[in-house]
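As provided, upload12.tsv (TSV, C-alpha atoms) reads as follows.
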chain	number	residue	atom	x	y	z
A	1	MET	CA	37.41	-23.00	-33.45
A	2	SER	CA	40.71	-23.80	-31.73
A	3	LEU	CA	42.15	-21.18	-29.42
A	4	GLN	CA	45.82	-20.43	-29.02
A	5	LYS	CA	47.40	-22.19	-26.05
A	6	PRO	CA	47.84	-19.58	-23.33
A	7	MET	CA	51.12	-18.74	-21.61
A	8	MET	CA	51.62	-21.42	-19.00
A	9	ARG	CA	55.07	-20.65	-17.66
A	10	GLY	CA	57.41	-17.83	-16.95
A	11	LEU	CA	54.67	-15.41	-15.89
A	12	LEU	CA	56.50	-14.16	-12.82
A	13	ALA	CA	59.77	-13.86	-14.72
A	14	LYS	CA	58.08	-11.83	-17.43
A	15	ARG	CA	56.53	-9.52	-14.85
A	16	LEU	CA	59.82	-9.08	-13.01
A	17	ARG	CA	61.73	-8.35	-16.22
A	18	PHE	CA	59.38	-5.47	-16.79
A	19	HIS	CA	58.81	-4.14	-13.29
A	20	LEU	CA	62.17	-4.62	-11.56
A	21	PRO	CA	64.14	-2.09	-13.64
A	22	ILE	CA	61.27	0.36	-13.18
A	23	ALA	CA	61.28	-0.24	-9.43
A	24	PHE	CA	65.01	0.29	-9.14
A	25	GLY	CA	64.85	3.33	-11.36
A	26	VAL	CA	62.06	4.93	-9.35
A	27	ALA	CA	63.84	4.21	-6.08
A	28	LEU	CA	67.06	5.72	-7.43
A	29	ALA	CA	65.21	8.75	-8.75
A	30	VAL	CA	63.54	9.34	-5.40
A	31	ALA	CA	66.87	9.07	-3.57
A	32	LEU	CA	68.64	11.43	-5.97
A	33	SER	CA	65.87	13.99	-5.94
A	34	TYR	CA	65.83	13.94	-2.14
A	35	LYS	CA	69.61	14.40	-2.03
A	36	PHE	CA	69.66	17.30	-4.48
A	37	GLY	CA	66.35	18.79	-3.46
A	38	VAL	CA	66.63	18.62	0.31
A	39	THR	CA	69.99	17.69	1.78
A	40	GLU	CA	72.29	19.73	-0.46
A	41	PRO	CA	70.32	22.99	-0.04
A	42	ARG	CA	70.16	22.32	3.68
A	43	LYS	CA	73.91	21.85	3.93
A	44	ARG	CA	74.45	25.07	1.97
A	45	ALA	CA	71.98	26.96	4.15
A	46	TYR	CA	73.78	25.89	7.31
A	47	ALA	CA	77.20	26.73	5.85
A	48	ASN	CA	76.07	30.20	4.81
A	49	PHE	CA	74.40	30.81	8.14
A	50	TYR	CA	77.50	30.05	10.12
A	51	LYS	CA	79.78	32.05	7.82
A	52	GLN	CA	78.09	35.26	8.99
A	53	TYR	CA	77.32	34.19	12.53
A	54	ASP	CA	78.50	36.32	15.39
A	55	ALA	CA	77.76	34.37	18.56
A	56	VAL	CA	78.39	37.21	20.98
A	57	LYS	CA	76.11	39.60	19.13
A	58	GLU	CA	73.33	37.06	19.05
A	59	PHE	CA	73.84	36.36	22.76
A	60	ASN	CA	73.56	40.02	23.68
A	61	ALA	CA	70.45	40.42	21.54
A	62	MET	CA	68.83	37.46	23.27
A	63	ARG	CA	69.92	38.79	26.67
A	64	GLU	CA	68.30	42.16	26.05
A	65	ALA	CA	65.11	40.43	24.99
A	66	GLY	CA	65.07	38.79	28.42
A	67	VAL	CA	64.91	35.10	27.54
A	68	PHE	CA	67.80	34.02	29.77
A	69	GLU	CA	67.58	33.07	33.43
A	70	SER	CA	71.32	33.16	34.13
A	71	VAL	CA	71.87	36.75	32.97
A	72	ARG	CA	69.37	39.59	33.27
A	73	PRO	CA	69.12	42.27	30.58
A	74	SER	CA	71.89	44.84	31.13
A	75	GLY	CA	70.55	47.96	32.83
A	76	LYS	CA	71.10	50.11	29.75
B	77	MET	CA	10.70	-11.23	17.10
B	78	LEU	CA	13.43	-13.82	16.46
B	79	ARG	CA	11.68	-14.85	13.25
B	80	LEU	CA	11.64	-11.28	11.96
B	81	THR	CA	15.36	-10.58	12.50
B	82	SER	CA	16.44	-13.98	11.16
B	83	SER	CA	14.42	-13.61	7.94
B	84	ARG	CA	15.99	-10.18	7.42
B	85	LEU	CA	19.42	-11.77	7.93
B	86	GLY	CA	18.46	-14.45	5.39
B	87	SER	CA	17.65	-11.88	2.69
B	88	LEU	CA	20.87	-9.96	3.45
B	89	LEU	CA	22.97	-13.10	3.05
B	90	ALA	CA	21.23	-14.02	-0.21
B	91	GLY	CA	22.48	-10.76	-1.73
B	92	ARG	CA	26.16	-11.45	-1.05
B	93	PRO	CA	27.95	-12.35	-4.31
B	94	THR	CA	30.76	-14.40	-2.79
B	95	ALA	CA	28.92	-17.68	-2.15
B	96	ALA	CA	25.43	-18.61	-3.25
B	97	LEU	CA	24.67	-20.38	0.02
B	98	THR	CA	21.00	-21.13	0.24
B	99	PHE	CA	20.91	-20.72	3.99
B	100	SER	CA	17.50	-21.33	5.42
B	101	ILE	CA	17.67	-19.51	8.72
B	102	LYS	CA	13.94	-19.02	8.41
B	103	GLY	CA	13.66	-22.82	8.50
B	104	ARG	CA	15.49	-23.21	11.81
B	105	ALA	CA	13.44	-20.64	13.65
B	106	ALA	CA	10.21	-21.83	12.07
B	107	SER	CA	10.82	-25.37	13.29
B	108	GLN	CA	9.96	-24.06	16.71
B	109	GLN	CA	6.41	-23.68	15.40
B	110	SER	CA	6.62	-27.06	13.60
B	111	HIS	CA	4.55	-25.78	10.65
B	112	GLU	CA	7.16	-25.79	7.87
B	113	VAL	CA	9.79	-28.34	6.90
B	114	SER	CA	13.16	-27.16	8.11
B	115	GLU	CA	15.90	-27.65	5.54
B	116	ALA	CA	19.24	-27.35	7.24
B	117	LEU	CA	22.21	-27.29	4.90
B	118	ASP	CA	24.53	-30.28	5.32
B	119	MET	CA	27.97	-28.72	5.05
B	120	SER	CA	29.76	-32.07	5.32
B	121	ARG	CA	28.72	-33.00	1.78
B	122	PRO	CA	30.07	-31.46	-1.44
B	123	MET	CA	28.36	-28.12	-2.08
B	124	TYR	CA	27.76	-26.04	-5.15
B	125	TYR	CA	29.17	-22.49	-5.17
B	126	ASP	CA	29.57	-19.65	-7.66
B	127	ARG	CA	33.03	-18.20	-7.02
B	128	VAL	CA	35.28	-16.18	-9.28
B	129	ASP	CA	38.46	-17.52	-7.68
B	130	MET	CA	37.44	-21.24	-7.62
B	131	PRO	CA	36.05	-22.13	-11.03
B	132	LEU	CA	35.05	-25.79	-10.62
B	133	PRO	CA	32.53	-26.45	-7.84
B	134	ASP	CA	32.45	-29.76	-5.97
B	135	LYS	CA	29.19	-30.82	-7.53
B	136	PRO	CA	27.03	-29.80	-10.49
B	137	TYR	CA	24.29	-27.30	-9.95
B	138	LYS	CA	21.40	-29.62	-10.73
B	139	ASP	CA	21.63	-33.19	-9.51
B	140	VAL	CA	17.99	-34.18	-9.74
B	141	LEU	CA	17.35	-34.35	-13.46
B	142	SER	CA	14.05	-34.64	-15.21
B	143	GLU	CA	13.50	-37.21	-17.95
B	144	ALA	CA	14.47	-34.87	-20.76
B	145	GLU	CA	17.56	-33.77	-18.88
B	146	GLN	CA	18.63	-37.35	-18.25
B	147	LYS	CA	18.25	-38.09	-21.96
B	148	LEU	CA	20.44	-35.08	-22.67
B	149	LYS	CA	23.06	-36.38	-20.27
B	150	GLN	CA	23.03	-39.71	-22.10
B	151	LYS	CA	23.53	-37.88	-25.41
B	152	GLU	CA	26.45	-36.03	-23.81
B	153	LYS	CA	28.28	-39.34	-23.47
B	154	GLY	CA	28.53	-39.57	-27.25
B	155	PRO	CA	30.48	-37.35	-29.63
B	156	TRP	CA	29.88	-33.70	-28.77
B	157	SER	CA	29.82	-32.58	-32.37
B	158	GLN	CA	26.31	-34.11	-32.53
B	159	LEU	CA	25.02	-31.73	-29.84
B	160	THR	CA	23.24	-28.63	-31.02
B	161	ASN	CA	24.18	-25.27	-29.57
B	162	GLU	CA	21.00	-25.10	-27.49
B	163	GLU	CA	21.82	-28.51	-26.03
B	164	LYS	CA	25.32	-27.39	-25.17
B	165	VAL	CA	23.96	-24.33	-23.37
B	166	ALA	CA	21.39	-26.50	-21.57
B	167	LEU	CA	24.17	-28.85	-20.42
B	168	TYR	CA	26.15	-25.84	-19.20
B	169	ARG	CA	23.18	-24.54	-17.25
B	170	LEU	CA	22.71	-27.98	-15.69
B	171	LYS	CA	26.25	-27.84	-14.39
B	172	PHE	CA	26.53	-24.19	-13.44
B	173	CYS	CA	24.16	-21.63	-11.98
B	174	GLN	CA	25.87	-18.41	-13.05
B	175	SER	CA	28.40	-17.82	-15.80
B	176	TYR	CA	31.50	-15.78	-15.14
B	177	SER	CA	30.07	-12.67	-16.75
B	178	GLU	CA	26.94	-13.06	-14.65
B	179	MET	CA	29.01	-13.47	-11.50
B	180	LYS	CA	31.14	-10.47	-12.29
B	181	ALA	CA	28.26	-8.27	-13.46
B	182	PRO	CA	28.45	-4.98	-11.58
B	183	SER	CA	25.72	-4.16	-9.11
B	184	ALA	CA	24.48	-0.82	-7.92
B	185	GLU	CA	25.61	-1.59	-4.38
B	186	TRP	CA	28.25	1.12	-4.39
B	187	LYS	CA	25.57	3.80	-4.50
B	188	THR	CA	24.02	2.44	-1.31
B	189	VAL	CA	27.42	2.19	0.36
B	190	LEU	CA	28.42	5.72	-0.62
B	191	GLY	CA	25.05	7.08	0.43
B	192	GLY	CA	25.28	5.34	3.78
B	193	VAL	CA	28.81	6.61	4.38
B	194	LEU	CA	27.91	10.21	3.58
B	195	PHE	CA	24.74	10.00	5.65
B	196	PHE	CA	26.62	8.84	8.71
B	197	LEU	CA	29.35	11.42	8.15
B	198	GLY	CA	26.66	14.07	8.16
B	199	PHE	CA	25.10	12.64	11.28
B	200	THR	CA	28.50	12.65	12.97
B	201	GLY	CA	28.84	16.29	12.04
B	202	LEU	CA	25.61	17.05	13.86
B	203	VAL	CA	26.78	15.09	16.88
B	204	VAL	CA	30.06	17.03	16.96
B	205	TRP	CA	28.17	20.32	16.70
B	206	TRP	CA	26.03	19.37	19.69
B	207	GLN	CA	29.17	18.41	21.58
B	208	ARG	CA	30.77	21.75	20.78
B	209	ILE	CA	27.82	23.50	22.43
B	210	TYR	CA	27.13	21.22	25.40
B	211	VAL	CA	30.23	19.17	26.14
B	212	TYR	CA	33.44	21.07	25.35
B	213	PRO	CA	35.27	22.77	28.23
B	214	PRO	CA	36.05	26.52	28.06
B	215	ARG	CA	38.70	27.57	25.55
B	216	PRO	CA	42.28	27.52	26.93
B	217	ARG	CA	43.86	30.90	27.62
B	218	THR	CA	46.84	29.94	25.46
B	219	LEU	CA	44.75	30.03	22.29
B	220	GLU	CA	43.78	33.72	22.57
B	221	ASP	CA	45.32	36.03	20.00
B	222	ASP	CA	47.24	38.17	22.49
B	223	TRP	CA	48.79	35.13	24.14
B	224	LYS	CA	49.77	33.70	20.72
B	225	ALA	CA	51.39	37.02	19.79
B	226	MET	CA	53.41	37.03	23.02
B	227	GLN	CA	54.36	33.40	22.34
B	228	LEU	CA	55.58	34.23	18.85
B	229	GLN	CA	57.58	37.20	20.12
B	230	ARG	CA	59.27	34.99	22.72
B	231	MET	CA	60.11	32.38	20.07
B	232	LEU	CA	61.71	35.07	17.90
B	233	ASP	CA	63.65	36.39	20.90
B	234	MET	CA	64.98	32.90	21.57
B	235	ARG	CA	66.03	32.59	17.90
B	236	ILE	CA	64.03	29.40	17.34
B	237	ASN	CA	65.16	27.65	14.11
B	238	PRO	CA	67.42	30.47	12.94
B	239	VAL	CA	68.89	28.63	9.92
B	240	GLU	CA	65.92	27.44	7.89
B	241	GLY	CA	62.84	27.85	10.07
B	242	LEU	CA	60.95	30.48	12.02
B	243	SER	CA	63.61	33.02	12.99
B	244	ALA	CA	65.26	32.70	9.58
B	245	LYS	CA	62.15	34.21	8.05
B	246	TRP	CA	62.06	37.21	10.43
B	247	ASP	CA	64.04	40.32	9.60
B	248	TYR	CA	65.48	41.43	12.98
B	249	ASP	CA	66.74	44.77	11.72
B	250	LYS	CA	63.43	45.90	10.30
B	251	GLY	CA	61.19	44.08	12.77
B	252	GLN	CA	58.98	42.39	10.19
B	253	TRP	CA	58.73	39.19	8.15
B	254	LYS	CA	61.19	38.91	5.30
Structure re-expressed in structure tokens:
Amino acid sequence: MSLQKPMMRGLLAKRLRFHLPIAFGVALAVALSYKFGVTEPRKRAYANFYKQYDAVKEFNAMREAGVFESVRPSGK
Amino acid sequence: MLRLTSSRLGSLLAGRPTAALTFSIKGRAASQQSHEVSEALDMSRPMYYDRVDMPLPDKPYKDVLSEAEQKLKQKEKGPWSQLTNEEKVALYRLKFCQSYSEMKAPSAEWKTVLGGVLFFLGFTGLVVWWQRIYVYPPRPRTLEDDWKAMQLQRMLDMRINPVEGLSAKWDYDKGQWK
């Protein structure tokens, strides 16, 4: 009735060998998915928005709506 | 009155699985009446404990041994192959109160805890309801529907978040949400 001698050493090293690559992989995956899921679409959205942006037209629209204090809506 | 609360405390402590301290709070309060013998626990001497994280207590569970038990202890000094299985178990029980599986055995305490939590959550709900009726001030004007509509219209006029947010979702030519 003799049991096998249990693992006495190297327990942390064994755990790290298994978990560290997983940790790095998960961190990398999270970073990449954030970059391609959030920041790249956002950059494209801003670029597209400003391609078609007419500042003067937007200003006049806002002026007519009456949100400015420096210029009143034009009498028309 | 003191006796009642302290005995209730004593029974509460006895249920805790971390340390099998045989506190005798009853004893201390009862000594005021000088009827019973008060047994205060001497914490300066090695104590027995059942703990999952510290496997070898400072002293065996039973120190005062009867005649038969002392004979068994003498037999233990010889070769162990001559001990029967019952004797081995008896020696174990002399040294330890609870085995690991007994220490780790699950209790039904979680049901009490969950029941207590839900009960008090419900009670808090009733308290909040009463507060809604008797304590809260009148509703602010800014939460009425017409005010919120005017607020939204002003935000759209100001072109709030026109790239990805609010005004981006509003179609200005058609006057409706995209």
Could I get the residues of chain B with an atom no further than 9 Å from an atom of chain A, each paired with its nearest atom pair and that distance in Å to one decimal, using all atoms listed in the file, sorted by chain and residue number, as CSV?
residue,atom,partner,partner_atom,distance
B:Arg230,CA,A:Val67,CA,7.4
B:Asp233,CA,A:Met62,CA,5.8
B:Met234,CA,A:Met62,CA,6.2
B:Arg235,CA,A:Met62,CA,7.8
B:Pro238,CA,A:Phe49,CA,8.5
B:Val239,CA,A:Tyr46,CA,6.2
B:Glu240,CA,A:Ala45,CA,7.1
What does the distance between atom CA of B:Ser243 and atom CA of B:Met231 come to in Å, to one decimal place?
7.9 Å
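Picture a line from atom CA of A:Leu3 to atom CA of B:Leu132; it runs 20.6 Å.
Between atom CA of B:Gln146 and atom CA of B:Asn161 there is a distance of 17.5 Å.
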Show me, as a JSON list (two decimals) with C-alpha atoms, in the frame of the given file, the residues that have an atom within 12 Å of B:Glu178 when counting all atoms listed in the file, minus same-chain residues fewer than 3 positions from it.
[["chain", "number", "residue", "atom", "x", "y", "z"],
["B", 93, "PRO", "CA", 27.95, -12.35, -4.31],
["B", 126, "ASP", "CA", 29.57, -19.65, -7.66],
["B", 127, "ARG", "CA", 33.03, -18.20, -7.02],
["B", 128, "VAL", "CA", 35.28, -16.18, -9.28],
["B", 172, "PHE", "CA", 26.53, -24.19, -13.44],
["B", 173, "CYS", "CA", 24.16, -21.63, -11.98],
["B", 174, "GLN", "CA", 25.87, -18.41, -13.05],
["B", 175, "SER", "CA", 28.40, -17.82, -15.80],
["B", 181, "ALA", "CA", 28.26, -8.27, -13.46],
["B", 182, "PRO", "CA", 28.45, -4.98, -11.58],
["B", 183, "SER", "CA", 25.72, -4.16, -9.11]]
Assuming 8 Å of padding per side, give the centre and edge lengths of the axis-aligned box around every listed atom of stretch 195-205 of chain B, in Å to one decimal and as AutoDock Vina command-line options.
--center_x 27.4 --center_y 14.6 --center_z 11.3 --size_x 21.3 --size_y 27.5 --size_z 27.3
